[in-house]
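For reference, protein_10.pdb (PDB, N, CA and C atoms and all ligand atoms):
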```pdb
ATOM      1  N   MET A   1       0.859  -1.197   0.000
ATOM      2  CA  MET A   1       0.000   0.000   0.000
ATOM      3  C   MET A   1       0.890   1.241   0.000
ATOM      4  N   SER A   2       0.833   2.020  -1.053
ATOM      5  CA  SER A   2       1.735   3.153  -1.169
ATOM      6  C   SER A   2       1.252   4.343  -0.354
ATOM      7  N   SER A   3      -0.043   4.521  -0.240
ATOM      8  CA  SER A   3      -0.550   5.702   0.438
ATOM      9  C   SER A   3      -1.793   5.343   1.237
ATOM     10  N   THR A   4      -1.840   5.850   2.467
ATOM     11  CA  THR A   4      -2.976   5.533   3.329
ATOM     12  C   THR A   4      -3.602   6.828   3.836
ATOM     13  N   PRO A   5      -4.876   6.797   4.232
ATOM     14  CA  PRO A   5      -5.519   8.016   4.733
ATOM     15  C   PRO A   5      -4.972   8.410   6.109
ATOM     16  N   LEU A   6      -4.618   9.660   6.233
ATOM     17  CA  LEU A   6      -4.233  10.187   7.543
ATOM     18  C   LEU A   6      -5.451  10.728   8.270
ATOM     19  N   SER A   7      -6.393  11.278   7.512
ATOM     20  CA  SER A   7      -7.625  11.755   8.130
ATOM     21  C   SER A   7      -8.749  11.683   7.108
ATOM     22  N   VAL A   8      -9.944  11.393   7.612
ATOM     23  CA  VAL A   8     -11.146  11.351   6.783
ATOM     24  C   VAL A   8     -12.169  12.236   7.475
ATOM     25  N   ALA A   9     -12.695  13.213   6.759
ATOM     26  CA  ALA A   9     -13.627  14.152   7.386
ATOM     27  C   ALA A   9     -14.727  14.504   6.406
ATOM     28  N   LEU A  10     -15.830  14.974   6.963
ATOM     29  CA  LEU A  10     -16.934  15.467   6.146
ATOM     30  C   LEU A  10     -16.881  16.997   6.191
ATOM     31  N   THR A  11     -16.844  17.634   5.020
ATOM     32  CA  THR A  11     -16.791  19.089   4.976
ATOM     33  C   THR A  11     -18.201  19.650   5.218
ATOM     34  N   PRO A  12     -18.298  20.955   5.528
ATOM     35  CA  PRO A  12     -19.628  21.533   5.776
ATOM     36  C   PRO A  12     -20.579  21.383   4.586
ATOM     37  N   ASP A  13     -20.040  21.315   3.358
ATOM     38  CA  ASP A  13     -20.928  21.132   2.205
ATOM     39  C   ASP A  13     -21.051  19.662   1.809
ATOM     40  N   GLN A  14     -20.850  18.758   2.782
ATOM     41  CA  GLN A  14     -21.145  17.341   2.622
ATOM     42  C   GLN A  14     -20.223  16.637   1.641
ATOM     43  N   ARG A  15     -19.001  17.126   1.492
ATOM     44  CA  ARG A  15     -18.017  16.363   0.738
ATOM     45  C   ARG A  15     -17.164  15.576   1.716
ATOM     46  N   VAL A  16     -16.704  14.411   1.245
ATOM     47  CA  VAL A  16     -15.742  13.647   2.033
ATOM     48  C   VAL A  16     -14.356  14.141   1.661
ATOM     49  N   ARG A  17     -13.568  14.479   2.667
ATOM     50  CA  ARG A  17     -12.213  14.957   2.422
ATOM     51  C   ARG A  17     -11.234  13.977   3.046
ATOM     52  N   ILE A  18     -10.337  13.444   2.224
ATOM     53  CA  ILE A  18      -9.343  12.493   2.721
ATOM     54  C   ILE A  18      -7.953  13.090   2.522
ATOM     55  N   ALA A  19      -7.213  13.180   3.622
ATOM     56  CA  ALA A  19      -5.805  13.576   3.554
ATOM     57  C   ALA A  19      -4.978  12.295   3.528
ATOM     58  N   TRP A  20      -4.154  12.157   2.480
ATOM     59  CA  TRP A  20      -3.389  10.925   2.275
ATOM     60  C   TRP A  20      -1.967  11.083   2.792
ATOM     61  N   SER A  21      -1.343   9.933   3.052
ATOM     62  CA  SER A  21      -0.019   9.946   3.675
ATOM     63  C   SER A  21       1.067  10.479   2.749
ATOM     64  N   ASP A  22       0.779  10.614   1.446
ATOM     65  CA  ASP A  22       1.790  11.184   0.548
ATOM     66  C   ASP A  22       1.657  12.706   0.457
ATOM     67  N   GLY A  23       0.801  13.286   1.316
ATOM     68  CA  GLY A  23       0.678  14.734   1.348
ATOM     69  C   GLY A  23      -0.434  15.282   0.467
ATOM     70  N   ARG A  24      -1.079  14.418  -0.323
ATOM     71  CA  ARG A  24      -2.157  14.876  -1.186
ATOM     72  C   ARG A  24      -3.490  14.808  -0.443
ATOM     73  N   THR A  25      -4.400  15.707  -0.832
ATOM     74  CA  THR A  25      -5.735  15.703  -0.259
ATOM     75  C   THR A  25      -6.738  15.629  -1.392
ATOM     76  N   ARG A  26      -7.717  14.739  -1.246
ATOM     77  CA  ARG A  26      -8.761  14.633  -2.268
ATOM     78  C   ARG A  26     -10.119  14.852  -1.613
ATOM     79  N   GLU A  27     -11.023  15.465  -2.383
ATOM     80  CA  GLU A  27     -12.400  15.638  -1.927
ATOM     81  C   GLU A  27     -13.336  14.898  -2.868
ATOM     82  N   TYR A  28     -14.406  14.365  -2.259
ATOM     83  CA  TYR A  28     -15.352  13.534  -2.988
ATOM     84  C   TYR A  28     -16.758  14.019  -2.698
ATOM     85  N   THR A  29     -17.505  14.320  -3.763
ATOM     86  CA  THR A  29     -18.917  14.574  -3.527
ATOM     87  C   THR A  29     -19.601  13.225  -3.317
ATOM     88  N   VAL A  30     -20.728  13.259  -2.632
ATOM     89  CA  VAL A  30     -21.458  12.011  -2.390
ATOM     90  C   VAL A  30     -21.839  11.380  -3.725
ATOM     91  N   ARG A  31     -22.166  12.221  -4.724
ATOM     92  CA  ARG A  31     -22.550  11.695  -6.037
ATOM     93  C   ARG A  31     -21.372  11.003  -6.720
ATOM     94  N   GLN A  32     -20.172  11.581  -6.592
ATOM     95  CA  GLN A  32     -18.994  10.935  -7.190
ATOM     96  C   GLN A  32     -18.764   9.564  -6.574
ATOM     97  N   LEU A  33     -18.943   9.481  -5.262
ATOM     98  CA  LEU A  33     -18.744   8.198  -4.595
ATOM     99  C   LEU A  33     -19.821   7.203  -5.015
ATOM    100  N   ARG A  34     -21.059   7.688  -5.091
ATOM    101  CA  ARG A  34     -22.171   6.798  -5.455
ATOM    102  C   ARG A  34     -22.003   6.309  -6.891
ATOM    103  N   ASP A  35     -21.618   7.237  -7.807
ATOM    104  CA  ASP A  35     -21.440   6.847  -9.206
ATOM    105  C   ASP A  35     -20.224   5.952  -9.389
ATOM    106  N   GLY A  36     -19.282   6.008  -8.459
ATOM    107  CA  GLY A  36     -18.097   5.164  -8.559
ATOM    108  C   GLY A  36     -18.225   3.886  -7.768
ATOM    109  N   CYS A  37     -19.426   3.553  -7.340
ATOM    110  CA  CYS A  37     -19.617   2.364  -6.504
ATOM    111  C   CYS A  37     -19.066   1.124  -7.206
ATOM    112  N   PRO A  38     -18.166   0.399  -6.524
ATOM    113  CA  PRO A  38     -17.512  -0.747  -7.163
ATOM    114  C   PRO A  38     -18.250  -2.070  -6.985
ATOM    115  N   CYS A  39     -19.446  -2.076  -6.423
ATOM    116  CA  CYS A  39     -20.118  -3.362  -6.201
ATOM    117  C   CYS A  39     -20.530  -3.974  -7.540
ATOM    118  N   ALA A  40     -20.763  -5.276  -7.537
ATOM    119  CA  ALA A  40     -21.044  -5.997  -8.779
ATOM    120  C   ALA A  40     -22.269  -5.425  -9.483
ATOM    121  N   HIS A  41     -23.289  -5.071  -8.720
ATOM    122  CA  HIS A  41     -24.516  -4.549  -9.309
ATOM    123  C   HIS A  41     -24.248  -3.245 -10.062
ATOM    124  N   CYS A  42     -23.509  -2.326  -9.444
ATOM    125  CA  CYS A  42     -23.270  -1.027 -10.082
ATOM    126  C   CYS A  42     -22.302  -1.152 -11.247
ATOM    127  N   ARG A  43     -21.305  -2.034 -11.115
ATOM    128  CA  ARG A  43     -20.386  -2.243 -12.243
ATOM    129  C   ARG A  43     -21.162  -2.743 -13.446
ATOM    130  N   GLU A  44     -22.067  -3.680 -13.214
ATOM    131  CA  GLU A  44     -22.877  -4.232 -14.290
ATOM    132  C   GLU A  44     -23.757  -3.138 -14.912
ATOM    133  N   ALA A  45     -24.341  -2.297 -14.061
ATOM    134  CA  ALA A  45     -25.221  -1.239 -14.556
ATOM    135  C   ALA A  45     -24.438  -0.229 -15.400
ATOM    136  N   ARG A  46     -23.177   0.022 -15.036
ATOM    137  CA  ARG A  46     -22.379   0.966 -15.835
ATOM    138  C   ARG A  46     -21.969   0.360 -17.164
ATOM    139  N   LEU A  47     -21.723  -0.973 -17.175
ATOM    140  CA  LEU A  47     -21.342  -1.631 -18.423
ATOM    141  C   LEU A  47     -22.516  -1.731 -19.386
ATOM    142  N   HIS A  48     -23.708  -1.895 -18.835
ATOM    143  CA  HIS A  48     -24.894  -2.084 -19.667
ATOM    144  C   HIS A  48     -25.975  -1.100 -19.244
ATOM    145  N   PRO A  49     -25.770   0.187 -19.568
ATOM    146  CA  PRO A  49     -26.794   1.164 -19.154
ATOM    147  C   PRO A  49     -28.125   0.879 -19.824
ATOM    148  N   LYS A  50     -29.166   1.108 -19.071
ATOM    149  CA  LYS A  50     -30.509   0.907 -19.625
ATOM    150  C   LYS A  50     -30.773   1.968 -20.686
ATOM    151  N   PRO A  51     -31.468   1.598 -21.775
ATOM    152  CA  PRO A  51     -31.818   2.626 -22.768
ATOM    153  C   PRO A  51     -32.715   3.671 -22.125
ATOM    154  N   PRO A  52     -32.555   4.940 -22.555
ATOM    155  CA  PRO A  52     -33.370   5.983 -21.930
ATOM    156  C   PRO A  52     -34.854   5.763 -22.195
ATOM    157  N   THR A  53     -35.643   6.077 -21.230
ATOM    158  CA  THR A  53     -37.080   5.966 -21.399
ATOM    159  C   THR A  53     -37.656   7.362 -21.615
ATOM    160  N   LEU A  54     -38.832   7.423 -22.199
ATOM    161  CA  LEU A  54     -39.411   8.729 -22.506
ATOM    162  C   LEU A  54     -39.781   9.478 -21.242
ATOM    163  N   LEU A  55     -40.333   8.778 -20.279
ATOM    164  CA  LEU A  55     -40.789   9.437 -19.057
ATOM    165  C   LEU A  55     -40.112   8.774 -17.871
ATOM    166  N   PRO A  56     -38.951   9.275 -17.510
ATOM    167  CA  PRO A  56     -38.286   8.642 -16.367
ATOM    168  C   PRO A  56     -39.105   8.823 -15.094
ATOM    169  N   VAL A  57     -39.201   7.762 -14.354
ATOM    170  CA  VAL A  57     -39.912   7.816 -13.083
ATOM    171  C   VAL A  57     -38.882   7.697 -11.971
ATOM    172  N   LEU A  58     -38.829   8.697 -11.147
ATOM    173  CA  LEU A  58     -37.878   8.688 -10.041
ATOM    174  C   LEU A  58     -38.567   8.203  -8.783
ATOM    175  N   SER A  59     -37.869   7.357  -8.060
ATOM    176  CA  SER A  59     -38.423   6.923  -6.787
ATOM    177  C   SER A  59     -38.287   8.065  -5.779
ATOM    178  N   PRO A  60     -39.089   8.056  -4.740
ATOM    179  CA  PRO A  60     -38.963   9.127  -3.724
ATOM    180  C   PRO A  60     -37.542   9.263  -3.211
ATOM    181  N   ALA A  61     -36.834   8.142  -3.041
ATOM    182  CA  ALA A  61     -35.462   8.211  -2.528
ATOM    183  C   ALA A  61     -34.557   8.936  -3.512
ATOM    184  N   GLU A  62     -34.825   8.760  -4.824
ATOM    185  CA  GLU A  62     -33.975   9.397  -5.820
ATOM    186  C   GLU A  62     -34.236  10.899  -5.910
ATOM    187  N   LEU A  63     -35.383  11.339  -5.453
ATOM    188  CA  LEU A  63     -35.696  12.762  -5.506
ATOM    189  C   LEU A  63     -35.078  13.522  -4.340
ATOM    190  N   LEU A  64     -34.755  12.816  -3.289
ATOM    191  CA  LEU A  64     -34.124  13.474  -2.153
ATOM    192  C   LEU A  64     -32.641  13.694  -2.458
ATOM    193  N   PRO A  65     -32.045  14.737  -1.892
ATOM    194  CA  PRO A  65     -30.607  14.892  -2.095
ATOM    195  C   PRO A  65     -29.852  13.711  -1.507
ATOM    196  N   LEU A  66     -28.935  13.195  -2.305
ATOM    197  CA  LEU A  66     -28.162  12.032  -1.869
ATOM    198  C   LEU A  66     -27.213  12.438  -0.750
ATOM    199  N   LYS A  67     -27.187  11.626   0.287
ATOM    200  CA  LYS A  67     -26.289  11.915   1.403
ATOM    201  C   LYS A  67     -25.501  10.673   1.771
ATOM    202  N   LEU A  68     -24.426  10.920   2.462
ATOM    203  CA  LEU A  68     -23.640   9.825   3.000
ATOM    204  C   LEU A  68     -24.341   9.340   4.273
ATOM    205  N   ALA A  69     -24.604   8.047   4.363
ATOM    206  CA  ALA A  69     -25.243   7.524   5.565
ATOM    207  C   ALA A  69     -24.204   6.965   6.534
ATOM    208  N   ALA A  70     -23.160   6.343   5.996
ATOM    209  CA  ALA A  70     -22.116   5.784   6.855
ATOM    210  C   ALA A  70     -20.889   5.501   6.025
ATOM    211  N   MET A  71     -19.732   5.587   6.653
ATOM    212  CA  MET A  71     -18.474   5.252   5.991
ATOM    213  C   MET A  71     -17.590   4.580   7.021
ATOM    214  N   GLU A  72     -17.406   3.265   6.868
ATOM    215  CA  GLU A  72     -16.711   2.483   7.881
ATOM    216  C   GLU A  72     -15.480   1.816   7.287
ATOM    217  N   PRO A  73     -14.367   1.811   8.035
ATOM    218  CA  PRO A  73     -13.195   1.096   7.535
ATOM    219  C   PRO A  73     -13.469  -0.401   7.405
ATOM    220  N   VAL A  74     -12.911  -1.017   6.362
ATOM    221  CA  VAL A  74     -12.940  -2.465   6.195
ATOM    222  C   VAL A  74     -11.497  -2.926   6.268
ATOM    223  N   GLY A  75     -11.132  -3.600   7.360
ATOM    224  CA  GLY A  75      -9.729  -3.949   7.555
ATOM    225  C   GLY A  75      -8.881  -2.698   7.463
ATOM    226  N   ASN A  76      -7.739  -2.794   6.793
ATOM    227  CA  ASN A  76      -6.928  -1.597   6.606
ATOM    228  C   ASN A  76      -6.709  -1.315   5.125
ATOM    229  N   TYR A  77      -7.656  -1.766   4.303
ATOM    230  CA  TYR A  77      -7.448  -1.615   2.860
ATOM    231  C   TYR A  77      -8.629  -0.967   2.154
ATOM    232  N   ALA A  78      -9.755  -0.736   2.841
ATOM    233  CA  ALA A  78     -10.946  -0.262   2.129
ATOM    234  C   ALA A  78     -11.919   0.419   3.097
ATOM    235  N   TYR A  79     -12.927   1.076   2.508
ATOM    236  CA  TYR A  79     -14.034   1.630   3.274
ATOM    237  C   TYR A  79     -15.337   1.088   2.708
ATOM    238  N   SER A  80     -16.244   0.777   3.595
ATOM    239  CA  SER A  80     -17.599   0.438   3.212
ATOM    240  C   SER A  80     -18.432   1.714   3.316
ATOM    241  N   ILE A  81     -19.131   2.069   2.239
ATOM    242  CA  ILE A  81     -19.884   3.315   2.236
ATOM    243  C   ILE A  81     -21.365   3.027   2.033
ATOM    244  N   ALA A  82     -22.195   3.613   2.911
ATOM    245  CA  ALA A  82     -23.645   3.495   2.794
ATOM    246  C   ALA A  82     -24.212   4.866   2.428
ATOM    247  N   PHE A  83     -25.213   4.864   1.549
ATOM    248  CA  PHE A  83     -25.810   6.104   1.068
ATOM    249  C   PHE A  83     -27.249   6.230   1.532
ATOM    250  N   SER A  84     -27.750   7.474   1.473
ATOM    251  CA  SER A  84     -29.110   7.730   1.948
ATOM    252  C   SER A  84     -30.158   7.081   1.053
ATOM    253  N   ASP A  85     -29.776   6.629  -0.159
ATOM    254  CA  ASP A  85     -30.754   5.931  -1.002
ATOM    255  C   ASP A  85     -30.847   4.451  -0.639
ATOM    256  N   GLY A  86     -30.136   4.036   0.409
ATOM    257  CA  GLY A  86     -30.249   2.661   0.886
ATOM    258  C   GLY A  86     -29.170   1.746   0.344
ATOM    259  N   HIS A  87     -28.353   2.248  -0.619
ATOM    260  CA  HIS A  87     -27.316   1.394  -1.205
ATOM    261  C   HIS A  87     -26.114   1.329  -0.270
ATOM    262  N   ASN A  88     -25.679   0.106   0.064
ATOM    263  CA  ASN A  88     -24.588  -0.008   1.048
ATOM    264  C   ASN A  88     -23.675  -1.189   0.777
ATOM    265  N   THR A  89     -23.635  -1.658  -0.472
ATOM    266  CA  THR A  89     -22.850  -2.858  -0.752
ATOM    267  C   THR A  89     -21.487  -2.536  -1.362
ATOM    268  N   GLY A  90     -21.173  -1.250  -1.517
ATOM    269  CA  GLY A  90     -19.894  -0.908  -2.138
ATOM    270  C   GLY A  90     -18.754  -0.943  -1.144
ATOM    271  N   ILE A  91     -17.688  -1.668  -1.496
ATOM    272  CA  ILE A  91     -16.447  -1.671  -0.710
ATOM    273  C   ILE A  91     -15.410  -0.917  -1.543
ATOM    274  N   TYR A  92     -15.039   0.257  -1.047
ATOM    275  CA  TYR A  92     -14.134   1.127  -1.799
ATOM    276  C   TYR A  92     -12.707   0.899  -1.318
ATOM    277  N   THR A  93     -11.901   0.259  -2.160
ATOM    278  CA  THR A  93     -10.503   0.068  -1.769
ATOM    279  C   THR A  93      -9.793   1.417  -1.787
ATOM    280  N   LEU A  94      -8.655   1.472  -1.071
ATOM    281  CA  LEU A  94      -7.891   2.727  -1.057
ATOM    282  C   LEU A  94      -7.433   3.085  -2.465
ATOM    283  N   GLU A  95      -7.044   2.085  -3.263
ATOM    284  CA  GLU A  95      -6.636   2.379  -4.647
ATOM    285  C   GLU A  95      -7.777   3.028  -5.415
ATOM    286  N   HIS A  96      -8.977   2.492  -5.231
ATOM    287  CA  HIS A  96     -10.138   3.048  -5.939
ATOM    288  C   HIS A  96     -10.413   4.477  -5.477
ATOM    289  N   LEU A  97     -10.286   4.720  -4.185
ATOM    290  CA  LEU A  97     -10.528   6.074  -3.674
ATOM    291  C   LEU A  97      -9.475   7.061  -4.193
ATOM    292  N   ARG A  98      -8.287   6.557  -4.482
ATOM    293  CA  ARG A  98      -7.260   7.447  -5.031
ATOM    294  C   ARG A  98      -7.619   7.887  -6.443
ATOM    295  N   GLU A  99      -8.498   7.128  -7.117
ATOM    296  CA  GLU A  99      -8.866   7.463  -8.494
ATOM    297  C   GLU A  99     -10.124   8.315  -8.546
ATOM    298  N   LEU A 100     -10.952   8.253  -7.509
ATOM    299  CA  LEU A 100     -12.185   9.024  -7.499
ATOM    300  C   LEU A 100     -11.936  10.425  -6.968
ATOM    301  N   GLY A 101     -12.983  11.261  -7.046
ATOM    302  CA  GLY A 101     -12.900  12.596  -6.462
ATOM    303  C   GLY A 101     -11.944  13.494  -7.207
ATOM    304  N   SER A 102     -11.569  14.584  -6.580
ATOM    305  CA  SER A 102     -10.641  15.523  -7.199
ATOM    306  C   SER A 102      -9.680  16.041  -6.154
ATOM    307  N   GLU A 103      -8.470  16.327  -6.626
ATOM    308  CA  GLU A 103      -7.426  16.756  -5.705
ATOM    309  C   GLU A 103      -7.646  18.205  -5.324
ATOM    310  N   VAL A 104      -7.455  18.510  -4.053
ATOM    311  CA  VAL A 104      -7.516  19.894  -3.578
ATOM    312  C   VAL A 104      -6.175  20.233  -2.955
ATOM    313  N   SER A 105      -5.856  21.502  -2.936
ATOM    314  CA  SER A 105      -4.550  21.876  -2.375
ATOM    315  C   SER A 105      -4.742  22.294  -0.930
TER
HETATM  316 ZN    ZN A 201     -23.103  -0.412  -5.884
END
```
In structure tokens, write the structure found in this file.
Amino acid sequence: MSSTPLSVALTPDQRVRIAWSDGRTREYTVRQLRDGCPCAHCREARLHPKPPTLLPVLSPAELLPLKLAAMEPVGNYAYSIAFSDGHNTGIYTLEHLRELGSEVS
């Protein structure tokens, strides 16, 4: 493992901010994390997107602003992230988190 989180915090505007041991800091919107979900279901959905429908129907959960419900360490290599839409099966490895979000100074 080349780089590990030194601190993980939620910013006032609901972004996850991770300071990494190599001195870099990345911020993640909840949407970036949700769209980057590595679970088998979401990977499959990204590979085979459903054709657009004429009248999209949003569930009540999808109409609410997406929020982080929980973010728990998994061993020392990943985080399990739960979202306010009820999705909680994504295990985000540290390598994957290094690719998501955007770097801040
Ligand atoms: Zn997922």
Practice item. Residues up to 7 Å from ligand ZN 201 (chain A), counting all atoms listed in the file: could you list those as a list in words? Key: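 Counting only what the definition allows, namely all atoms listed in the file, the set is Arg34, Gly36, Cys37, Pro38, Cys39, Ala40, His41, Cys42, Arg43, His87, Asn88, Thr89 and Gly90 of chain A.
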Point to revise | Straight-line distance linking atom CA of Lys67 of chain A with atom CA of Gly86 of chain A, stated in Å to one decimal | key: 10.1 Å
Check your understanding: Exactly which residues make up the result of the PyMOL selection byres (((chain A and resi 8) around 5) and not hetatm) on this file, given as a ChimeraX atom specification?
Key -> /A:6-7,9-10,17-18
Practice item. Could you pull out the residues in segment 41-98 of chain A that DSSP calls alpha helix (DSSP H) from the backbone, as JSON, numbers by chain? Key: {"A": [41, 42, 43, 44, 45, 46, 47, 60, 61, 62, 63, 94, 95, 96, 97, 98]}
For the residues in the current selection, export N, CA and C atoms as a PDB file, in the coordinates of the input.
```pdb
ATOM      1  N   HIS A  41     -23.289  -5.071  -8.720  1.00  0.00           N
ATOM      2  CA  HIS A  41     -24.516  -4.549  -9.309  1.00  0.00           C
ATOM      3  C   HIS A  41     -24.248  -3.245 -10.062  1.00  0.00           C
ATOM      4  N   CYS A  42     -23.509  -2.326  -9.444  1.00  0.00           N
ATOM      5  CA  CYS A  42     -23.270  -1.027 -10.082  1.00  0.00           C
ATOM      6  C   CYS A  42     -22.302  -1.152 -11.247  1.00  0.00           C
ATOM      7  N   ARG A  43     -21.305  -2.034 -11.115  1.00  0.00           N
ATOM      8  CA  ARG A  43     -20.386  -2.243 -12.243  1.00  0.00           C
ATOM      9  C   ARG A  43     -21.162  -2.743 -13.446  1.00  0.00           C
ATOM     10  N   GLU A  44     -22.067  -3.680 -13.214  1.00  0.00           N
ATOM     11  CA  GLU A  44     -22.877  -4.232 -14.290  1.00  0.00           C
ATOM     12  C   GLU A  44     -23.757  -3.138 -14.912  1.00  0.00           C
ATOM     13  N   ALA A  45     -24.341  -2.297 -14.061  1.00  0.00           N
ATOM     14  CA  ALA A  45     -25.221  -1.239 -14.556  1.00  0.00           C
ATOM     15  C   ALA A  45     -24.438  -0.229 -15.400  1.00  0.00           C
ATOM     16  N   ARG A  46     -23.177   0.022 -15.036  1.00  0.00           N
ATOM     17  CA  ARG A  46     -22.379   0.966 -15.835  1.00  0.00           C
ATOM     18  C   ARG A  46     -21.969   0.360 -17.164  1.00  0.00           C
ATOM     19  N   LEU A  47     -21.723  -0.973 -17.175  1.00  0.00           N
ATOM     20  CA  LEU A  47     -21.342  -1.631 -18.423  1.00  0.00           C
ATOM     21  C   LEU A  47     -22.516  -1.731 -19.386  1.00  0.00           C
ATOM     22  N   PRO A  60     -39.089   8.056  -4.740  1.00  0.00           N
ATOM     23  CA  PRO A  60     -38.963   9.127  -3.724  1.00  0.00           C
ATOM     24  C   PRO A  60     -37.542   9.263  -3.211  1.00  0.00           C
ATOM     25  N   ALA A  61     -36.834   8.142  -3.041  1.00  0.00           N
ATOM     26  CA  ALA A  61     -35.462   8.211  -2.528  1.00  0.00           C
ATOM     27  C   ALA A  61     -34.557   8.936  -3.512  1.00  0.00           C
ATOM     28  N   GLU A  62     -34.825   8.760  -4.824  1.00  0.00           N
ATOM     29  CA  GLU A  62     -33.975   9.397  -5.820  1.00  0.00           C
ATOM     30  C   GLU A  62     -34.236  10.899  -5.910  1.00  0.00           C
ATOM     31  N   LEU A  63     -35.383  11.339  -5.453  1.00  0.00           N
ATOM     32  CA  LEU A  63     -35.696  12.762  -5.506  1.00  0.00           C
ATOM     33  C   LEU A  63     -35.078  13.522  -4.340  1.00  0.00           C
ATOM     34  N   LEU A  94      -8.655   1.472  -1.071  1.00  0.00           N
ATOM     35  CA  LEU A  94      -7.891   2.727  -1.057  1.00  0.00           C
ATOM     36  C   LEU A  94      -7.433   3.085  -2.465  1.00  0.00           C
ATOM     37  N   GLU A  95      -7.044   2.085  -3.263  1.00  0.00           N
ATOM     38  CA  GLU A  95      -6.636   2.379  -4.647  1.00  0.00           C
ATOM     39  C   GLU A  95      -7.777   3.028  -5.415  1.00  0.00           C
ATOM     40  N   HIS A  96      -8.977   2.492  -5.231  1.00  0.00           N
ATOM     41  CA  HIS A  96     -10.138   3.048  -5.939  1.00  0.00           C
ATOM     42  C   HIS A  96     -10.413   4.477  -5.477  1.00  0.00           C
ATOM     43  N   LEU A  97     -10.286   4.720  -4.185  1.00  0.00           N
ATOM     44  CA  LEU A  97     -10.528   6.074  -3.674  1.00  0.00           C
ATOM     45  C   LEU A  97      -9.475   7.061  -4.193  1.00  0.00           C
ATOM     46  N   ARG A  98      -8.287   6.557  -4.482  1.00  0.00           N
ATOM     47  CA  ARG A  98      -7.260   7.447  -5.031  1.00  0.00           C
ATOM     48  C   ARG A  98      -7.619   7.887  -6.443  1.00  0.00           C
TER      49      ARG A  98
END
```
Point to revise | Residues matched by the PyMOL selection byres (((chain A and resi 22) around 7) and not hetatm) as a list of chain:residue names | key: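 Against this file, the PyMOL selection byres (((chain A and resi 22) around 7) and not hetatm) returns the residues A:Ser2, A:Ser3, A:Thr4, A:Ala19, A:Trp20, A:Ser21, A:Gly23, A:Arg24, A:Thr25.
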Check your understanding: Could you state the separation of atom C of Leu66 of chain A and atom C of Ala45 of chain A in Å, given to one decimal place?
Key ->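 If I compute the distance from atom C of Leu66 of chain A to atom C of Ala45 of chain A, I get 19.6 Å.
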Point to revise | Nearest candidate to Asp85 of chain A (options A:Glu99, A:Gln14, A:Met71, A:Glu62; using all atoms listed in the file) | key: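 Selected residue with least distance to Asp85 of chain A: A:Glu62.
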Practice item. Tell me which residues the PyMOL selection byres (((chain A and resi 29 and name CA) around 9) and not hetatm and name CA) grabs here, as a list in words. Key: Asp13, Gln14, Arg15, Val16, Arg17, Glu27, Tyr28, Val30, Arg31, Gln32, Leu33, Arg34 and Gly101 of chain A
**Study point:** Two-atom distance - atom N of Thr11 of chain A, atom N of Ser80 of chain A (Å)
**Key:**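 Atom N of Thr11 of chain A sits 16.9 Å away from atom N of Ser80 of chain A.
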Let me know the centre plus edge lengths, in Å and rounded to one decimal, of a box with edges along x, y and z that contains all listed atoms of segment 68-72 of chain A and is padded by 6 Å on every side, as AutoDock Vina command-line options.
```
--center_x -20.4 --center_y 6.4 --center_z 5.2 --size_x 21.8 --size_y 21.1 --size_z 17.4
```
Point to revise | DSSP strand (DSSP E) residues within chain A, as a PyMOL selection string | key: chain A and resi 5-10+16-20+25-28+68-74+78-83+90-93+102-104
Practice item. Could you check which of A:Pro52, A:Glu44, A:Ser84, A:Ala78 is closest to Leu64 of chain A, using all atoms listed in the file? Key: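 Looking at the shortest contact to Leu64 of chain A, the residue is A:Ser84.
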**Study point:** Closest of A:Pro51, A:Leu100, A:Ile91, A:Leu58 to Val74 of chain A - atom-to-atom distances counting only N, CA and C atoms
**Key:** A:Ile91
